[in-house]
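A.B. asks: Following this message is one structure expressed as structure tokens.
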Amino acid sequence: MVTAVLGVYITRARAGEGGLKAINRSFYISASSPPCFCCSPRSVYLPNSFDKLSGPTDTTVVTDAAGANPQ
């Protein structure tokens, strides 16, 4: 939803530019925003090791992925 709203607000044609070019540019800008929205919280909230997870419900995941990075 945030991406759609962002795409609508940034779609502005420049002087002497066709509408499709503005839509295409806005699409690429709005398509690049979700990775930024997802990667930042992931880096903040997830630990850098499965061993550091607190209270996993399936402990086999922790043993199978020992040494792996959940980020």
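Letters A, B, ... mark the chains of the structure tokens in the order given; residue numbers begin at 1 per chain; ligand numbers begin at 1, in order shown.
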Counting only C-alpha atoms, what is within 12 Å of Val8 of chain A, bar same-chain residues fewer than 4 positions away, as a count of residues only?

C.D. replies: 14

A.B. asks: When you count only C-alpha atoms, which of these residues is closest to Val44 of chain A: A:Ala65, A:Arg14, A:Pro70, A:Thr60?

C.D. replies: A:Pro70

A.B. asks: Please measure the separation of atom CA of Gly19 of chain A and atom CA of Phe37 of chain A, giving the value in Å to one decimal.

C.D. replies: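 A separation of 27.5 Å between them.
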
A.B. asks: What's around Thr63 of chain A at 9 Å? Count only C-alpha atoms, leave out sequence neighbours fewer than 3 positions away in its own chain, and write the answer as a list in words.

C.D. replies: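 So the residues in contact are Phe50, Asp51, Thr59, Thr60 and Ala66 of chain A.
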